[in-house]
Amino acid sequence: NIVPVITLDGPGGVGKGTLGRLLAHDLGWHLLDSGAIYRALALAAQRAGLDADNETALSGLARTLPLGFRGAADETHVLLGGEVVDAEIRTPEVSALTSRIAAIPAVRAALLQRQRDFRRAPGLVADGRDMGTVVFPDAPLKVFLTASAEERGKRRLNQLMEQGISASLATVVAEIAERDARDQQRSVAPLRPAPDAKILDTSEQSVSDTYRVLQSWVRSAF
Ligand code: C5P
């Protein structure tokens, strides 16, 4: 596949979503928010009353999930069966369920091609956990973002507040840490940098500082 891809992987609250949207917008490329796919699946599972350990039913649901995306790179909406579920997929309950469901190998296999289908001209920016390691291993530019759990908790708390969801910093940090641990320790597609990924620590950097570094890497890669 000659369509260029930039992968942005890293733990929760690290800024992948924000940076991915900026980059896709400025390049005029497509955007894949792979976390939204896993989240929509978790929401559908919750609504169907499926347990996180019902692997057969969950992978069946993953294959038939009526998922849609609407809008351009800088403002996308996630749809489940035609319903906009932007807020519903980001609650703490759904976040926790998502990382449990995302650890199931058959679920990941069922969602693989759906994610690869986003690779269309003129290019794709893909954000997630395994974009560089599993989904697009041939991507010419792979970036792995990191930041301290405390800093990521603050960022996630701000995002939640913007959506009108209230929570305490301690709770958010604990939830993120638990989710990271699950994402790092799972047997299939664990959260880790691809061997050829560039590492970017954003703890002490503003979004615009980080974005400038990213842009310089993009200029030298393409
Ligand atoms: O990126 P986001 O926080 O929306 O991802 C939610 C969860 O979905 C992650 O904690 C992870 O368990 C799962 N996920 C994944 N692989 C991806 C993207 C997300 O396992 N590529």
# chains A, B, ... in the order shown; residues from 1 in each chain; ligands from 1

$ residues_around --residues "segment 182-197 of chain A" --least-positions-apart "4" --cutoff "8 Å" --atoms "only C-alpha atoms" --output "list of chain:residue names"
A:Asp9, A:Gly10, A:Pro11, A:Ser99, A:Arg100, A:Ala103, A:Ile104, A:Pro105, A:Arg129, A:Asp130, A:Gly132, A:Thr133, A:Val134, A:Leu141, A:Lys142, A:Val143, A:Phe144, A:Glu178

$ closest_atom_pairs --of "chain A" --to "ligand 1" --cutoff "6 Å" --atoms "only C-alpha atoms and all ligand atoms" --output "CSV"
residue,atom,partner,partner_atom_place_in_ligand_line,distance
A:Gly12,CA,ligand 1,3 (O),4.7
A:Ser34,CA,ligand 1,18 (C),4.7
A:Gly35,CA,ligand 1,19 (C),3.5
A:Ala36,CA,ligand 1,4 (O),5.3
A:Tyr38,CA,ligand 1,8 (O),5.1
A:Arg39,CA,ligand 1,6 (C),6.0
A:Ser95,CA,ligand 1,6 (C),6.0
A:Thr98,CA,ligand 1,7 (C),5.3
A:Ser99,CA,ligand 1,12 (O),3.2
A:Ala102,CA,ligand 1,20 (O),4.6
A:Gly128,CA,ligand 1,21 (N),3.7
A:Arg129,CA,ligand 1,21 (N),4.1
A:Asp130,CA,ligand 1,21 (N),4.8
A:Met131,CA,ligand 1,21 (N),5.8
A:Arg179,CA,ligand 1,10 (O),5.4
A:Asp183,CA,ligand 1,12 (O),5.3

$ write_last_selection --atoms "C-alpha atoms" --output "CSV table (one decimal), in the first residue's frame"
chain,number,residue,atom,x,y,z
A,12,GLY,CA,-4.6,7.5,27.7
A,34,SER,CA,-9.1,3.7,16.7
A,35,GLY,CA,-9.9,4.2,20.4
A,36,ALA,CA,-13.4,5.4,19.3
A,38,TYR,CA,-13.1,0.1,20.7
A,39,ARG,CA,-15.2,2.5,22.8
A,95,SER,CA,-13.5,3.6,29.3
A,98,THR,CA,-13.3,-0.7,26.7
A,99,SER,CA,-9.8,-1.7,27.9
A,102,ALA,CA,-9.8,-4.6,23.9
A,128,GLY,CA,-4.3,4.4,19.2
A,129,ARG,CA,-2.2,1.8,21.0
A,130,ASP,CA,-1.1,-0.6,18.3
A,131,MET,CA,-1.2,1.5,15.1
A,179,ARG,CA,-6.3,1.2,32.0
A,183,ASP,CA,-3.3,-2.1,27.9

$ select_by_dssp --residues "segment 73-176 of chain A" --states "strand (DSSP E or B)" --output "ChimeraX atom specification"
/A:77-80,83-84,124-128,141-146

$ write_last_selection --atoms "all heavy atoms" --output "tab-separated table (two decimals), in the first residue's frame"
chain	number	residue	atom	x	y	z
A	77	HIS	N	-17.62	13.02	14.42
A	77	HIS	CA	-18.59	12.46	15.35
A	77	HIS	C	-18.63	10.96	15.15
A	77	HIS	O	-18.50	10.46	14.04
A	77	HIS	CB	-19.96	13.07	15.11
A	77	HIS	CG	-19.97	14.56	15.29
A	77	HIS	ND1	-19.90	15.14	16.54
A	77	HIS	CD2	-19.97	15.57	14.40
A	77	HIS	CE1	-19.89	16.46	16.40
A	77	HIS	NE2	-19.92	16.74	15.11
A	78	VAL	N	-18.80	10.27	16.27
A	78	VAL	CA	-18.87	8.81	16.22
A	78	VAL	C	-20.34	8.41	16.26
A	78	VAL	O	-21.09	8.89	17.11
A	78	VAL	CB	-18.12	8.21	17.43
A	78	VAL	CG1	-18.13	6.69	17.34
A	78	VAL	CG2	-16.71	8.75	17.50
A	79	LEU	N	-20.72	7.54	15.35
A	79	LEU	CA	-22.11	7.10	15.27
A	79	LEU	C	-22.23	5.60	15.49
A	79	LEU	O	-21.42	4.83	14.98
A	79	LEU	CB	-22.73	7.46	13.91
A	79	LEU	CG	-22.93	8.95	13.67
A	79	LEU	CD1	-21.77	9.52	12.87
A	79	LEU	CD2	-24.22	9.19	12.91
A	80	LEU	N	-23.25	5.24	16.24
A	80	LEU	CA	-23.55	3.84	16.47
A	80	LEU	C	-24.98	3.63	16.01
A	80	LEU	O	-25.91	4.21	16.60
A	80	LEU	CB	-23.39	3.52	17.96
A	80	LEU	CG	-23.44	2.07	18.39
A	80	LEU	CD1	-22.38	1.23	17.69
A	80	LEU	CD2	-23.26	1.96	19.91
A	83	GLU	N	-26.83	6.84	15.56
A	83	GLU	CA	-26.95	7.74	16.72
A	83	GLU	C	-25.57	8.31	17.09
A	83	GLU	O	-24.59	7.57	17.16
A	83	GLU	CB	-27.50	6.91	17.90
A	83	GLU	CG	-27.55	7.66	19.22
A	83	GLU	CD	-27.71	6.71	20.41
A	83	GLU	OE1	-27.94	5.49	20.21
A	83	GLU	OE2	-27.58	7.20	21.56
A	84	VAL	N	-25.49	9.62	17.31
A	84	VAL	CA	-24.22	10.23	17.73
A	84	VAL	C	-23.94	9.84	19.18
A	84	VAL	O	-24.77	10.08	20.05
A	84	VAL	CB	-24.28	11.77	17.60
A	84	VAL	CG1	-23.01	12.40	18.15
A	84	VAL	CG2	-24.48	12.18	16.14
A	124	LEU	N	-3.20	9.05	5.73
A	124	LEU	CA	-3.94	8.77	6.96
A	124	LEU	C	-3.09	9.08	8.20
A	124	LEU	O	-1.91	8.75	8.26
A	124	LEU	CB	-4.33	7.28	7.00
A	124	LEU	CG	-5.04	6.80	8.29
A	124	LEU	CD1	-6.43	7.41	8.40
A	124	LEU	CD2	-5.12	5.28	8.32
A	125	VAL	N	-3.72	9.71	9.17
A	125	VAL	CA	-3.14	9.85	10.50
A	125	VAL	C	-3.94	8.92	11.40
A	125	VAL	O	-5.17	9.03	11.46
A	125	VAL	CB	-3.25	11.31	11.02
A	125	VAL	CG1	-2.70	11.42	12.44
A	125	VAL	CG2	-2.53	12.28	10.08
A	126	ALA	N	-3.28	7.97	12.05
A	126	ALA	CA	-3.99	6.97	12.84
A	126	ALA	C	-3.53	7.02	14.28
A	126	ALA	O	-2.33	6.92	14.57
A	126	ALA	CB	-3.72	5.58	12.27
A	127	ASP	N	-4.47	7.19	15.23
A	127	ASP	CA	-4.06	7.22	16.63
A	127	ASP	C	-4.64	6.06	17.42
A	127	ASP	O	-5.73	5.59	17.13
A	127	ASP	CB	-4.33	8.60	17.26
A	127	ASP	CG	-5.66	8.73	17.97
A	127	ASP	OD1	-5.91	7.98	18.95
A	127	ASP	OD2	-6.45	9.59	17.55
A	128	GLY	N	-3.83	5.54	18.36
A	128	GLY	CA	-4.29	4.41	19.17
A	128	GLY	C	-3.21	3.84	20.05
A	128	GLY	O	-2.43	4.58	20.67
A	141	LEU	N	6.14	6.91	9.09
A	141	LEU	CA	6.43	7.70	10.30
A	141	LEU	C	5.60	7.18	11.46
A	141	LEU	O	4.36	7.19	11.40
A	141	LEU	CB	6.14	9.19	10.07
A	141	LEU	CG	6.33	10.11	11.29
A	141	LEU	CD1	7.77	10.05	11.83
A	141	LEU	CD2	5.95	11.56	10.97
A	142	LYS	N	6.28	6.71	12.51
A	142	LYS	CA	5.61	6.20	13.70
A	142	LYS	C	6.04	7.03	14.90
A	142	LYS	O	7.24	7.21	15.12
A	142	LYS	CB	6.00	4.74	13.96
A	142	LYS	CG	5.65	3.82	12.82
A	142	LYS	CD	6.10	2.40	13.12
A	142	LYS	CE	5.79	1.49	11.95
A	142	LYS	NZ	6.28	0.12	12.19
A	143	VAL	N	5.07	7.51	15.64
A	143	VAL	CA	5.37	8.32	16.81
A	143	VAL	C	4.74	7.67	18.03
A	143	VAL	O	3.60	7.21	17.98
A	143	VAL	CB	4.82	9.76	16.63
A	143	VAL	CG1	5.10	10.60	17.87
A	143	VAL	CG2	5.43	10.40	15.38
A	144	PHE	N	5.51	7.61	19.12
A	144	PHE	CA	4.99	7.10	20.39
A	144	PHE	C	5.07	8.22	21.41
A	144	PHE	O	6.15	8.72	21.72
A	144	PHE	CB	5.80	5.89	20.85
A	144	PHE	CG	5.14	5.14	21.99
A	144	PHE	CD1	4.21	4.13	21.73
A	144	PHE	CD2	5.43	5.44	23.31
A	144	PHE	CE1	3.59	3.44	22.76
A	144	PHE	CE2	4.82	4.77	24.36
A	144	PHE	CZ	3.89	3.76	24.07
A	145	LEU	N	3.91	8.63	21.90
A	145	LEU	CA	3.83	9.75	22.84
A	145	LEU	C	3.80	9.26	24.27
A	145	LEU	O	3.15	8.26	24.57
A	145	LEU	CB	2.56	10.56	22.56
A	145	LEU	CG	2.51	11.23	21.19
A	145	LEU	CD1	1.08	11.44	20.73
A	145	LEU	CD2	3.25	12.55	21.21
A	146	THR	N	4.51	9.96	25.15
A	146	THR	CA	4.47	9.62	26.57
A	146	THR	C	4.28	10.89	27.39
A	146	THR	O	4.53	12.00	26.91
A	146	THR	CB	5.78	8.95	27.05
A	146	THR	OG1	6.85	9.88	26.88
A	146	THR	CG2	6.09	7.69	26.27

$ select_by_dssp --residues "segment 12-170 of chain A" --states "helix (DSSP H, G or I)" --output "ChimeraX atom specification"
/A:16-27,34-47,55-64,88-90,92-101,105-116,131-135,149-162,169-170

$ residues_around --residues "segment 46-59 of chain A" --least-positions-apart "3" --cutoff "8 Å" --atoms "only C-alpha atoms" --output "list in words"
Ala42, Leu43, Ala62, Arg63, Val94, Leu97, Arg100, Ile101, Ile104, Ala106, Val107 and Ala110 of chain A

$ write_last_selection --atoms "N, CA and C atoms" --output "PDB file, in the first residue's frame"
ATOM      1  N   ALA A  42     -17.592  -1.164  23.119  1.00  0.00           N
ATOM      2  CA  ALA A  42     -17.872  -1.331  24.550  1.00  0.00           C
ATOM      3  C   ALA A  42     -19.249  -0.775  24.895  1.00  0.00           C
ATOM      4  N   LEU A  43     -19.598   0.358  24.298  1.00  0.00           N
ATOM      5  CA  LEU A  43     -20.920   0.932  24.555  1.00  0.00           C
ATOM      6  C   LEU A  43     -22.023  -0.006  24.056  1.00  0.00           C
ATOM      7  N   ALA A  62     -18.317  -7.291  17.373  1.00  0.00           N
ATOM      8  CA  ALA A  62     -17.261  -6.498  16.716  1.00  0.00           C
ATOM      9  C   ALA A  62     -17.359  -6.617  15.191  1.00  0.00           C
ATOM     10  N   ARG A  63     -17.723  -7.802  14.702  1.00  0.00           N
ATOM     11  CA  ARG A  63     -17.812  -8.005  13.247  1.00  0.00           C
ATOM     12  C   ARG A  63     -18.989  -7.268  12.637  1.00  0.00           C
ATOM     13  N   VAL A  94     -17.512   3.298  30.530  1.00  0.00           N
ATOM     14  CA  VAL A  94     -17.250   2.763  29.186  1.00  0.00           C
ATOM     15  C   VAL A  94     -15.740   2.681  28.940  1.00  0.00           C
ATOM     16  N   LEU A  97     -14.561  -0.495  30.627  1.00  0.00           N
ATOM     17  CA  LEU A  97     -15.038  -1.673  29.893  1.00  0.00           C
ATOM     18  C   LEU A  97     -14.274  -1.825  28.574  1.00  0.00           C
ATOM     19  N   ARG A 100     -10.988  -3.637  28.878  1.00  0.00           N
ATOM     20  CA  ARG A 100     -11.155  -5.072  29.139  1.00  0.00           C
ATOM     21  C   ARG A 100     -11.512  -5.806  27.845  1.00  0.00           C
ATOM     22  N   ILE A 101     -12.426  -5.201  27.087  1.00  0.00           N
ATOM     23  CA  ILE A 101     -12.842  -5.831  25.822  1.00  0.00           C
ATOM     24  C   ILE A 101     -11.706  -5.819  24.804  1.00  0.00           C
ATOM     25  N   ILE A 104      -9.218  -8.790  24.317  1.00  0.00           N
ATOM     26  CA  ILE A 104      -9.648 -10.071  23.740  1.00  0.00           C
ATOM     27  C   ILE A 104      -9.119 -10.209  22.307  1.00  0.00           C
ATOM     28  N   ALA A 106      -9.771 -12.157  19.772  1.00  0.00           N
ATOM     29  CA  ALA A 106     -10.752 -12.315  18.684  1.00  0.00           C
ATOM     30  C   ALA A 106     -11.448 -10.980  18.368  1.00  0.00           C
ATOM     31  N   VAL A 107     -11.591 -10.137  19.367  1.00  0.00           N
ATOM     32  CA  VAL A 107     -12.173  -8.811  19.144  1.00  0.00           C
ATOM     33  C   VAL A 107     -11.212  -7.973  18.306  1.00  0.00           C
ATOM     34  N   ALA A 110     -11.194  -9.084  14.757  1.00  0.00           N
ATOM     35  CA  ALA A 110     -12.418  -8.693  14.046  1.00  0.00           C
ATOM     36  C   ALA A 110     -12.389  -7.229  13.626  1.00  0.00           C
TER      37      ALA A 110
END

$ atom_distance --atom1 "atom CA of Glu151 of chain A" --atom2 "atom CA of Trp217 of chain A"
23.9 Å

$ closest_residue --among "A:Ile165, A:Val85, A:Leu41, A:Leu200" --to "Arg108 of chain A" --atoms "only C-alpha atoms"
A:Leu41

$ closest_residue --among "A:Ala149, A:Val3, A:Thr210, A:Leu19" --to "Ala181 of chain A" --atoms "only C-alpha atoms"
A:Ala149

$ residues_around --residues "Ala72 of chain A" --least-positions-apart "5" --cutoff "12 Å" --atoms "only C-alpha atoms" --output "VMD selection string"
chain A and resid 21 to 22 24 to 26 28 to 32 77 to 78

$ write_last_selection --atoms "N, CA and C atoms" --output "PDB file, in the first residue's frame"
ATOM      1  N   ARG A  21      -5.787  15.187  15.259  1.00  0.00           N
ATOM      2  CA  ARG A  21      -6.742  16.061  14.554  1.00  0.00           C
ATOM      3  C   ARG A  21      -6.036  17.224  13.876  1.00  0.00           C
ATOM      4  N   LEU A  22      -5.087  17.854  14.604  1.00  0.00           N
ATOM      5  CA  LEU A  22      -4.339  18.973  14.030  1.00  0.00           C
ATOM      6  C   LEU A  22      -3.589  18.540  12.777  1.00  0.00           C
ATOM      7  N   ALA A  24      -3.993  15.825  10.828  1.00  0.00           N
ATOM      8  CA  ALA A  24      -4.861  15.411   9.719  1.00  0.00           C
ATOM      9  C   ALA A  24      -5.465  16.641   9.037  1.00  0.00           C
ATOM     10  N   HIS A  25      -5.842  17.604   9.842  1.00  0.00           N
ATOM     11  CA  HIS A  25      -6.423  18.823   9.288  1.00  0.00           C
ATOM     12  C   HIS A  25      -5.406  19.561   8.410  1.00  0.00           C
ATOM     13  N   ASP A  26      -4.192  19.777   8.970  1.00  0.00           N
ATOM     14  CA  ASP A  26      -3.189  20.555   8.237  1.00  0.00           C
ATOM     15  C   ASP A  26      -2.698  19.842   6.978  1.00  0.00           C
ATOM     16  N   GLY A  28      -4.526  17.653   5.334  1.00  0.00           N
ATOM     17  CA  GLY A  28      -5.672  17.306   4.490  1.00  0.00           C
ATOM     18  C   GLY A  28      -5.808  15.794   4.333  1.00  0.00           C
ATOM     19  N   TRP A  29      -5.406  15.054   5.360  1.00  0.00           N
ATOM     20  CA  TRP A  29      -5.450  13.588   5.320  1.00  0.00           C
ATOM     21  C   TRP A  29      -6.640  13.069   6.129  1.00  0.00           C
ATOM     22  N   HIS A  30      -6.910  11.786   5.964  1.00  0.00           N
ATOM     23  CA  HIS A  30      -7.956  11.144   6.767  1.00  0.00           C
ATOM     24  C   HIS A  30      -7.435  10.905   8.180  1.00  0.00           C
ATOM     25  N   LEU A  31      -8.370  10.708   9.090  1.00  0.00           N
ATOM     26  CA  LEU A  31      -8.021  10.485  10.489  1.00  0.00           C
ATOM     27  C   LEU A  31      -8.695   9.205  10.984  1.00  0.00           C
ATOM     28  N   LEU A  32      -7.921   8.368  11.653  1.00  0.00           N
ATOM     29  CA  LEU A  32      -8.504   7.196  12.320  1.00  0.00           C
ATOM     30  C   LEU A  32      -8.303   7.321  13.823  1.00  0.00           C
ATOM     31  N   HIS A  77     -17.619  13.020  14.418  1.00  0.00           N
ATOM     32  CA  HIS A  77     -18.587  12.461  15.347  1.00  0.00           C
ATOM     33  C   HIS A  77     -18.634  10.958  15.155  1.00  0.00           C
ATOM     34  N   VAL A  78     -18.803  10.266  16.271  1.00  0.00           N
ATOM     35  CA  VAL A  78     -18.872   8.814  16.225  1.00  0.00           C
ATOM     36  C   VAL A  78     -20.338   8.409  16.263  1.00  0.00           C
TER      37      VAL A  78
END

$ residues_around --residues "segment 155-163 of chain A" --least-positions-apart "5" --cutoff "12 Å" --atoms "only C-alpha atoms" --output "PDB file with N, CA, C and O atoms, in the first residue's frame"
ATOM      1  N   PRO A  11      -0.309   6.072  25.711  1.00  0.00           N
ATOM      2  CA  PRO A  11      -1.316   5.815  26.735  1.00  0.00           C
ATOM      3  C   PRO A  11      -2.434   6.850  26.730  1.00  0.00           C
ATOM      4  O   PRO A  11      -2.379   7.832  25.990  1.00  0.00           O
ATOM      5  N   GLY A  12      -3.434   6.638  27.587  1.00  0.00           N
ATOM      6  CA  GLY A  12      -4.586   7.531  27.654  1.00  0.00           C
ATOM      7  C   GLY A  12      -4.222   8.927  28.121  1.00  0.00           C
ATOM      8  O   GLY A  12      -3.356   9.097  28.977  1.00  0.00           O
ATOM      9  N   GLY A  13      -4.860   9.936  27.541  1.00  0.00           N
ATOM     10  CA  GLY A  13      -4.676  11.312  27.985  1.00  0.00           C
ATOM     11  C   GLY A  13      -3.350  11.936  27.586  1.00  0.00           C
ATOM     12  O   GLY A  13      -2.978  12.988  28.094  1.00  0.00           O
ATOM     13  N   VAL A  14      -2.647  11.316  26.642  1.00  0.00           N
ATOM     14  CA  VAL A  14      -1.317  11.827  26.285  1.00  0.00           C
ATOM     15  C   VAL A  14      -1.387  12.927  25.214  1.00  0.00           C
ATOM     16  O   VAL A  14      -0.408  13.617  24.961  1.00  0.00           O
ATOM     17  N   GLY A  15      -2.556  13.070  24.598  1.00  0.00           N
ATOM     18  CA  GLY A  15      -2.722  14.116  23.586  1.00  0.00           C
ATOM     19  C   GLY A  15      -2.747  13.617  22.152  1.00  0.00           C
ATOM     20  O   GLY A  15      -2.734  14.421  21.221  1.00  0.00           O
ATOM     21  N   LYS A  16      -2.811  12.304  21.980  1.00  0.00           N
ATOM     22  CA  LYS A  16      -2.842  11.733  20.622  1.00  0.00           C
ATOM     23  C   LYS A  16      -4.007  12.271  19.806  1.00  0.00           C
ATOM     24  O   LYS A  16      -3.851  12.581  18.632  1.00  0.00           O
ATOM     25  N   GLY A  17      -5.164  12.361  20.448  1.00  0.00           N
ATOM     26  CA  GLY A  17      -6.374  12.788  19.742  1.00  0.00           C
ATOM     27  C   GLY A  17      -6.239  14.207  19.219  1.00  0.00           C
ATOM     28  O   GLY A  17      -6.463  14.466  18.034  1.00  0.00           O
ATOM     29  N   THR A  18      -5.820  15.105  20.112  1.00  0.00           N
ATOM     30  CA  THR A  18      -5.653  16.511  19.753  1.00  0.00           C
ATOM     31  C   THR A  18      -4.618  16.663  18.642  1.00  0.00           C
ATOM     32  O   THR A  18      -4.851  17.340  17.636  1.00  0.00           O
ATOM     33  N   ASP A  86     -20.793  10.491  20.876  1.00  0.00           N
ATOM     34  CA  ASP A  86     -19.532  11.121  21.291  1.00  0.00           C
ATOM     35  C   ASP A  86     -19.350  11.135  22.810  1.00  0.00           C
ATOM     36  O   ASP A  86     -18.270  10.839  23.317  1.00  0.00           O
ATOM     37  N   ALA A  87     -20.392  11.539  23.538  1.00  0.00           N
ATOM     38  CA  ALA A  87     -20.273  11.662  24.995  1.00  0.00           C
ATOM     39  C   ALA A  87     -20.382  10.292  25.664  1.00  0.00           C
ATOM     40  O   ALA A  87     -19.616   9.971  26.578  1.00  0.00           O
ATOM     41  N   GLU A  88     -21.312   9.471  25.177  1.00  0.00           N
ATOM     42  CA  GLU A  88     -21.575   8.165  25.796  1.00  0.00           C
ATOM     43  C   GLU A  88     -20.351   7.252  25.789  1.00  0.00           C
ATOM     44  O   GLU A  88     -20.163   6.452  26.707  1.00  0.00           O
ATOM     45  N   ILE A  89     -19.508   7.352  24.755  1.00  0.00           N
ATOM     46  CA  ILE A  89     -18.352   6.446  24.678  1.00  0.00           C
ATOM     47  C   ILE A  89     -17.180   6.917  25.551  1.00  0.00           C
ATOM     48  O   ILE A  89     -16.175   6.223  25.654  1.00  0.00           O
ATOM     49  N   ARG A  90     -17.294   8.097  26.176  1.00  0.00           N
ATOM     50  CA  ARG A  90     -16.157   8.626  26.957  1.00  0.00           C
ATOM     51  C   ARG A  90     -16.413   8.643  28.457  1.00  0.00           C
ATOM     52  O   ARG A  90     -15.631   9.204  29.211  1.00  0.00           O
ATOM     53  N   THR A  91     -17.475   8.035  28.916  1.00  0.00           N
ATOM     54  CA  THR A  91     -17.705   7.980  30.363  1.00  0.00           C
ATOM     55  C   THR A  91     -16.662   7.047  31.000  1.00  0.00           C
ATOM     56  O   THR A  91     -16.116   6.173  30.323  1.00  0.00           O
ATOM     57  N   PRO A  92     -16.366   7.230  32.293  1.00  0.00           N
ATOM     58  CA  PRO A  92     -15.395   6.355  32.959  1.00  0.00           C
ATOM     59  C   PRO A  92     -15.778   4.867  32.887  1.00  0.00           C
ATOM     60  O   PRO A  92     -14.906   4.016  32.708  1.00  0.00           O
ATOM     61  N   SER A  95     -14.971   3.655  29.460  1.00  0.00           N
ATOM     62  CA  SER A  95     -13.511   3.611  29.291  1.00  0.00           C
ATOM     63  C   SER A  95     -12.937   2.336  29.907  1.00  0.00           C
ATOM     64  O   SER A  95     -12.096   1.659  29.303  1.00  0.00           O
ATOM     65  N   ALA A 147       3.817  10.719  28.622  1.00  0.00           N
ATOM     66  CA  ALA A 147       3.718  11.806  29.612  1.00  0.00           C
ATOM     67  C   ALA A 147       3.432  11.130  30.941  1.00  0.00           C
ATOM     68  O   ALA A 147       2.917  10.002  30.973  1.00  0.00           O
ATOM     69  N   SER A 148       3.745  11.803  32.042  1.00  0.00           N
ATOM     70  CA  SER A 148       3.510  11.214  33.362  1.00  0.00           C
ATOM     71  C   SER A 148       2.016  10.975  33.571  1.00  0.00           C
ATOM     72  O   SER A 148       1.176  11.660  32.976  1.00  0.00           O
ATOM     73  N   ALA A 149       1.675  10.006  34.435  1.00  0.00           N
ATOM     74  CA  ALA A 149       0.270   9.685  34.699  1.00  0.00           C
ATOM     75  C   ALA A 149      -0.457  10.897  35.275  1.00  0.00           C
ATOM     76  O   ALA A 149      -1.612  11.164  34.938  1.00  0.00           O
ATOM     77  N   GLU A 150       0.237  11.642  36.130  1.00  0.00           N
ATOM     78  CA  GLU A 150      -0.347  12.838  36.746  1.00  0.00           C
ATOM     79  C   GLU A 150      -0.749  13.865  35.670  1.00  0.00           C
ATOM     80  O   GLU A 150      -1.859  14.384  35.657  1.00  0.00           O
ATOM     81  N   SER A 168     -13.024  13.696  40.045  1.00  0.00           N
ATOM     82  CA  SER A 168     -11.890  14.230  40.782  1.00  0.00           C
ATOM     83  C   SER A 168     -10.596  13.818  40.083  1.00  0.00           C
ATOM     84  O   SER A 168     -10.557  12.796  39.386  1.00  0.00           O
ATOM     85  N   LEU A 169      -9.542  14.625  40.279  1.00  0.00           N
ATOM     86  CA  LEU A 169      -8.267  14.314  39.639  1.00  0.00           C
ATOM     87  C   LEU A 169      -7.764  12.945  40.084  1.00  0.00           C
ATOM     88  O   LEU A 169      -7.308  12.144  39.267  1.00  0.00           O
ATOM     89  N   ALA A 170      -7.879  12.669  41.387  1.00  0.00           N
ATOM     90  CA  ALA A 170      -7.384  11.386  41.905  1.00  0.00           C
ATOM     91  C   ALA A 170      -8.072  10.207  41.217  1.00  0.00           C
ATOM     92  O   ALA A 170      -7.421   9.218  40.837  1.00  0.00           O
ATOM     93  N   THR A 171      -9.385  10.325  41.041  1.00  0.00           N
ATOM     94  CA  THR A 171     -10.135   9.244  40.386  1.00  0.00           C
ATOM     95  C   THR A 171      -9.689   9.068  38.943  1.00  0.00           C
ATOM     96  O   THR A 171      -9.465   7.945  38.478  1.00  0.00           O
ATOM     97  N   VAL A 172      -9.538  10.187  38.240  1.00  0.00           N
ATOM     98  CA  VAL A 172      -9.165  10.125  36.834  1.00  0.00           C
ATOM     99  C   VAL A 172      -7.764   9.525  36.678  1.00  0.00           C
ATOM    100  O   VAL A 172      -7.529   8.669  35.820  1.00  0.00           O
ATOM    101  N   VAL A 173      -6.811   9.961  37.545  1.00  0.00           N
ATOM    102  CA  VAL A 173      -5.443   9.424  37.483  1.00  0.00           C
ATOM    103  C   VAL A 173      -5.462   7.913  37.748  1.00  0.00           C
ATOM    104  O   VAL A 173      -4.807   7.134  37.042  1.00  0.00           O
ATOM    105  N   ALA A 174      -6.261   7.503  38.742  1.00  0.00           N
ATOM    106  CA  ALA A 174      -6.331   6.074  39.075  1.00  0.00           C
ATOM    107  C   ALA A 174      -6.930   5.274  37.919  1.00  0.00           C
ATOM    108  O   ALA A 174      -6.437   4.185  37.578  1.00  0.00           O
ATOM    109  N   GLU A 175      -7.952   5.817  37.289  1.00  0.00           N
ATOM    110  CA  GLU A 175      -8.590   5.116  36.161  1.00  0.00           C
ATOM    111  C   GLU A 175      -7.634   4.978  34.984  1.00  0.00           C
ATOM    112  O   GLU A 175      -7.555   3.926  34.347  1.00  0.00           O
ATOM    113  N   ILE A 176      -6.902   6.051  34.727  1.00  0.00           N
ATOM    114  CA  ILE A 176      -5.947   6.019  33.611  1.00  0.00           C
ATOM    115  C   ILE A 176      -4.844   4.993  33.897  1.00  0.00           C
ATOM    116  O   ILE A 176      -4.464   4.213  33.029  1.00  0.00           O
ATOM    117  N   THR A 202       5.796  14.374  26.243  1.00  0.00           N
ATOM    118  CA  THR A 202       5.070  15.643  26.205  1.00  0.00           C
ATOM    119  C   THR A 202       4.790  16.206  27.596  1.00  0.00           C
ATOM    120  O   THR A 202       4.074  17.199  27.715  1.00  0.00           O
ATOM    121  N   SER A 203       5.363  15.582  28.654  1.00  0.00           N
ATOM    122  CA  SER A 203       5.042  16.004  30.031  1.00  0.00           C
ATOM    123  C   SER A 203       5.230  17.494  30.248  1.00  0.00           C
ATOM    124  O   SER A 203       4.412  18.157  30.850  1.00  0.00           O
ATOM    125  N   SER A 206       3.833  22.128  25.902  1.00  0.00           N
ATOM    126  CA  SER A 206       2.477  22.520  25.518  1.00  0.00           C
ATOM    127  C   SER A 206       2.106  21.779  24.237  1.00  0.00           C
ATOM    128  O   SER A 206       2.967  21.210  23.562  1.00  0.00           O
ATOM    129  N   VAL A 207       0.821  21.821  23.895  1.00  0.00           N
ATOM    130  CA  VAL A 207       0.370  21.191  22.653  1.00  0.00           C
ATOM    131  C   VAL A 207       1.112  21.788  21.463  1.00  0.00           C
ATOM    132  O   VAL A 207       1.564  21.069  20.577  1.00  0.00           O
TER     133      VAL A 207
END

$ atom_distance --atom1 "atom CA of Ser220 of chain A" --atom2 "atom CA of Asp117 of chain A"
26.0 Å

$ closest_residue --among "A:Leu61, A:Ala139, A:Ala45, A:Ile37" --to "Leu112 of chain A" --atoms "only C-alpha atoms"
A:Ile37

$ atom_distance --atom1 "atom CA of Ser208 of chain A" --atom2 "atom CA of Gly20 of chain A"
12.6 Å
